[in-house]
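**Student:** The following file, model.txt, comprises compact mmCIF, C-alpha atoms:
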# COMPACT_ATOMS: atom_id res chain seq x y z
CA MET A 1 81.71 120.20 77.27
CA PRO A 2 78.63 122.07 78.54
CA GLN A 3 75.85 120.25 80.32
CA HIS A 4 73.27 118.82 77.91
CA VAL A 5 69.80 119.99 78.93
CA VAL A 6 67.40 117.09 78.50
CA VAL A 7 63.80 116.99 79.72
CA VAL A 8 62.08 113.60 79.76
CA ASP A 9 58.60 112.39 80.68
CA TYR A 10 58.03 111.43 84.31
CA GLN A 11 59.76 108.19 85.30
CA PRO A 12 58.07 106.06 87.99
CA GLN A 13 61.45 104.92 89.40
CA TRP A 14 62.38 108.44 90.56
CA PRO A 15 60.83 108.07 94.05
CA GLU A 16 62.78 104.82 94.53
CA GLU A 17 66.00 106.52 93.42
CA PHE A 18 65.33 109.26 95.96
CA LEU A 19 64.77 106.74 98.77
CA LYS A 20 67.95 104.84 97.91
CA GLU A 21 70.13 107.96 97.84
CA SER A 22 68.51 109.49 100.91
CA LYS A 23 69.74 106.52 102.99
CA TYR A 24 73.35 107.43 102.14
CA ILE A 25 72.70 111.06 103.01
CA GLN A 26 71.05 110.14 106.31
CA THR A 27 74.06 108.00 107.23
CA ILE A 28 76.48 110.86 106.51
CA LEU A 29 74.46 113.52 108.33
CA GLY A 30 73.62 111.25 111.28
CA ASP A 31 71.75 112.72 114.23
CA ASN A 32 72.09 116.21 112.78
CA CYS A 33 69.54 115.26 110.08
CA VAL A 34 65.91 116.03 110.92
CA ALA A 35 64.30 115.04 107.59
CA ILE A 36 65.07 114.54 103.92
CA TYR A 37 62.54 115.64 101.31
CA HIS A 38 62.30 114.77 97.62
CA ILE A 39 61.87 118.11 95.86
CA GLY A 40 62.10 119.43 92.33
CA SER A 41 60.38 118.13 89.24
CA THR A 42 61.27 114.46 89.78
CA SER A 43 59.20 114.59 92.99
CA VAL A 44 56.01 115.46 91.11
CA PRO A 45 54.21 112.47 89.58
CA GLY A 46 53.33 113.15 85.95
CA LEU A 47 55.73 116.09 85.51
CA ALA A 48 58.36 116.01 82.78
CA ALA A 49 61.80 116.77 84.21
CA LYS A 50 65.51 116.80 83.75
CA PRO A 51 66.34 113.32 85.16
CA ILE A 52 68.07 114.74 88.23
CA ILE A 53 66.89 113.75 91.71
CA ASP A 54 66.72 116.85 93.94
CA MET A 55 66.84 116.26 97.67
CA MET A 56 66.44 118.68 100.56
CA PRO A 57 67.82 117.46 103.88
CA LEU A 58 66.99 119.59 106.90
CA VAL A 59 69.56 119.66 109.67
CA LYS A 60 69.74 120.97 113.22
CA ASP A 61 73.08 122.73 112.69
CA LEU A 62 74.23 123.72 109.20
CA THR A 63 77.79 124.44 110.34
CA LEU A 64 78.27 120.74 111.14
CA VAL A 65 77.58 119.84 107.50
CA ASP A 66 80.81 121.40 106.28
CA GLY A 67 82.73 118.82 108.29
CA GLN A 68 81.01 116.09 106.28
CA ALA A 69 82.14 117.36 102.85
CA PHE A 70 84.71 114.58 102.48
CA ALA A 71 82.10 111.87 103.22
CA PHE A 72 79.87 113.29 100.47
CA GLU A 73 82.81 113.43 98.06
CA GLU A 74 83.49 109.75 98.85
CA ILE A 75 80.08 108.83 97.40
CA GLY A 76 80.52 110.96 94.29
CA TYR A 77 79.24 114.41 95.26
CA GLU A 78 80.88 117.72 94.49
CA TYR A 79 80.57 119.92 97.59
CA LEU A 80 79.95 123.53 96.52
CA GLY A 81 79.05 125.30 99.78
CA GLU A 82 76.30 127.92 99.65
CA PHE A 83 76.52 128.21 95.85
CA GLY A 84 74.45 131.39 95.56
CA ILE A 85 71.88 130.84 98.32
CA LYS A 86 72.81 132.06 101.78
CA GLY A 87 72.24 129.40 104.42
CA ARG A 88 72.31 126.47 101.99
CA ARG A 89 74.83 123.74 101.31
CA TYR A 90 74.65 122.58 97.70
CA LEU A 91 76.07 119.34 96.36
CA ARG A 92 75.81 117.72 92.95
CA LYS A 93 76.63 114.28 91.58
CA GLY A 94 77.35 113.13 88.06
CA GLY A 95 79.35 116.01 86.58
CA ASP A 96 78.01 117.14 83.19
CA VAL A 97 75.55 114.23 83.25
CA ARG A 98 74.17 115.19 86.64
CA THR A 99 72.09 112.58 88.45
CA HIS A 100 71.50 114.08 91.92
CA GLN A 101 71.48 117.44 93.65
CA ILE A 102 71.34 118.09 97.38
CA HIS A 103 70.12 121.35 98.91
CA ILE A 104 70.79 121.24 102.66
CA PHE A 105 69.11 123.81 104.89
CA GLU A 106 68.89 124.27 108.61
CA GLN A 107 65.44 123.30 109.90
CA SER A 108 64.97 126.84 111.22
CA ASP A 109 65.21 128.25 107.66
CA THR A 110 61.47 128.27 107.11
CA TYR A 111 61.69 130.64 104.14
CA ASN A 112 63.67 128.27 101.92
CA THR A 113 62.18 125.04 103.17
CA SER A 114 58.60 126.32 102.86
CA ARG A 115 59.02 127.61 99.33
CA HIS A 116 60.52 124.35 98.05
CA LEU A 117 57.84 122.18 99.65
CA ALA A 118 54.97 124.51 98.73
CA PHE A 119 56.10 124.62 95.08
CA ARG A 120 56.32 120.82 94.96
CA ASN A 121 52.92 120.37 96.62
CA TYR A 122 51.29 122.94 94.35
CA LEU A 123 52.47 121.12 91.23
CA ARG A 124 51.33 117.80 92.68
CA THR A 125 47.80 119.15 93.11
CA HIS A 126 47.34 121.47 90.10
CA GLU A 127 47.28 119.53 86.85
CA LYS A 128 46.85 122.54 84.54
CA GLU A 129 49.93 124.33 85.90
CA ARG A 130 51.89 121.06 85.99
CA GLU A 131 51.20 120.49 82.28
CA GLU A 132 52.00 124.10 81.44
CA TYR A 133 55.31 123.85 83.31
CA ALA A 134 56.17 120.59 81.50
CA ARG A 135 55.51 122.21 78.11
CA LEU A 136 57.65 125.19 79.03
CA LYS A 137 60.55 123.01 80.18
CA LYS A 138 60.44 120.82 77.07
CA SER A 139 60.34 123.87 74.83
CA LEU A 140 63.28 125.50 76.60
CA ALA A 141 65.30 122.28 76.51
CA GLU A 142 64.79 122.11 72.74
CA LYS A 143 65.66 125.77 72.32
CA PHE A 144 68.71 125.73 74.63
CA PRO A 145 70.07 122.15 74.59
CA TYR A 146 73.56 123.19 75.73
CA ASP A 147 72.81 126.41 77.59
CA ILE A 148 71.64 125.61 81.11
CA GLN A 149 71.64 129.29 82.11
CA SER A 150 69.22 130.28 79.32
CA TYR A 151 67.08 127.23 80.15
CA CYS A 152 66.89 128.34 83.81
CA ASP A 153 66.34 131.99 82.89
CA GLY A 154 63.45 130.94 80.64
CA LYS A 155 61.70 129.24 83.57
CA ASP A 156 62.36 131.97 86.11
CA ALA A 157 59.23 134.14 85.72
CA PHE A 158 56.93 131.10 85.58
CA ILE A 159 58.51 129.61 88.72
CA LYS A 160 58.30 132.87 90.66
CA GLU A 161 54.63 133.32 89.80
CA LEU A 162 53.79 129.72 90.71
CA GLU A 163 55.80 129.96 93.91
CA LYS A 164 53.71 132.96 95.04
CA LYS A 165 50.50 130.97 94.50
CA ALA A 166 51.98 127.92 96.20
CA LEU A 167 53.04 129.85 99.28
CA VAL A 168 49.56 131.34 99.65
CA GLU A 169 47.94 127.93 99.37
CA PHE A 170 50.35 125.74 101.32
CA VAL A 171 52.03 127.94 103.92
CA LYS A 172 49.61 128.90 106.63
CA GLU A 173 50.48 131.73 109.02
CA LYS A 174 51.17 130.48 112.49
Mind converting the file's structure to structure tokens?

**Tutor:**
Amino acid sequence: MPQHVVVVDYQPQWPEEFLKESKYIQTILGDNCVAIYHIGSTSVPGLAAKPIIDMMPLVKDLTLVDGQAFAFEEIGYEYLGEFGIKGRRYLRKGGDVRTHQIHIFEQSDTYNTSRHLAFRNYLRTHEKEREEYARLKKSLAEKFPYDIQSYCDGKDAFIKELEKKALVEFVKEK
């Protein structure tokens, strides 16, 4: 059965769910882990979202993560490797009723880490765009309730435009 695309209003327990799950991730990654960030729509207070907690651990050495695949599988994650983004390790939990997603990057991957954090921070600080994004996601979820690809495709142009603005505002040249 295909994944059911559901978008719900912001839930105040999402940050707590992130903190709880991040402790398991930190334990698995150990000293290789530099930081774990709550990203995605559930990390933005007031933003409607698919109820899936997205996490972005940053590690010193990405190659060491592959050796931890079994430990992640032990706590319910499906380990999918790069899964379309070079330099990432992607994991998901919950099957068709997904509850968590992990996007692991090496700390030196400033391109991917900056864009995720900038996008999150932009939505946290720009109410108009946050509300517009929520409306778009709800509309797409209603239009494509069992077609995650069309749901994602429908958000793509909006996300890319917002990401450009976010990078300008939140990523300062060094």

**Student:** Considering all atoms listed in the file, return as a PyMOL selection string whatever protein or nucleic-acid residues lie within 12 Å of A:Glu73, sequence-local ones (same chain, fewer than 4 positions apart) excluded.

**Tutor:** chain A and resi 24-25+28+66-69+77-80+91-94

**Student:** Considering all atoms listed in the file, can you say which of A:Phe72, A:Phe158, A:Phe170, A:Tyr122 comes closest to A:His100?

**Tutor:**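 Of the candidates, the smallest distance to A:His100 is held by A:Phe72.
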
**Student:** Please provide as a PyMOL selection string all residues within 9 Å of stretch 127-136 of chain A, with the sequence filter that same-chain residues fewer than 4 positions apart are discarded (counting only C-alpha atoms).

**Tutor:** chain A and resi 7+9+44+46-49+122-123+140-141+154-155+158-159+162

**Student:** Restricting the output to C-alpha atoms, write the selected residues as a PDB file, keeping the file's coordinate frame.

**Tutor:**
ATOM      1  CA  VAL A   7      63.800 116.990  79.720  1.00  0.00           C
ATOM      2  CA  ASP A   9      58.600 112.390  80.680  1.00  0.00           C
ATOM      3  CA  VAL A  44      56.010 115.460  91.110  1.00  0.00           C
ATOM      4  CA  GLY A  46      53.330 113.150  85.950  1.00  0.00           C
ATOM      5  CA  LEU A  47      55.730 116.090  85.510  1.00  0.00           C
ATOM      6  CA  ALA A  48      58.360 116.010  82.780  1.00  0.00           C
ATOM      7  CA  ALA A  49      61.800 116.770  84.210  1.00  0.00           C
ATOM      8  CA  TYR A 122      51.290 122.940  94.350  1.00  0.00           C
ATOM      9  CA  LEU A 123      52.470 121.120  91.230  1.00  0.00           C
ATOM     10  CA  LEU A 140      63.280 125.500  76.600  1.00  0.00           C
ATOM     11  CA  ALA A 141      65.300 122.280  76.510  1.00  0.00           C
ATOM     12  CA  GLY A 154      63.450 130.940  80.640  1.00  0.00           C
ATOM     13  CA  LYS A 155      61.700 129.240  83.570  1.00  0.00           C
ATOM     14  CA  PHE A 158      56.930 131.100  85.580  1.00  0.00           C
ATOM     15  CA  ILE A 159      58.510 129.610  88.720  1.00  0.00           C
ATOM     16  CA  LEU A 162      53.790 129.720  90.710  1.00  0.00           C
TER      17      LEU A 162
END

**Student:** Pick out the closest residue to A:Ala35 from this set: A:Lys60, A:Lys138, A:Lys20, A:Lys50. Count all atoms listed in the file.

**Tutor:** A:Lys60

**Student:** Enter the distance from atom CA of A:Ser22 to atom CA of A:Asp96, in Å, rounded to one decimal.

**Tutor:**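 About the pair atom CA of A:Ser22 and atom CA of A:Asp96: they are 21.5 Å apart.
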
**Student:** Do you know which residues are at most 8 Å from stretch 30-32 of chain A counting all atoms listed in the file, after dropping those on the same chain fewer than 6 positions away, and could you put them as a PyMOL selection string?

**Tutor:** chain A and resi 59-61+64
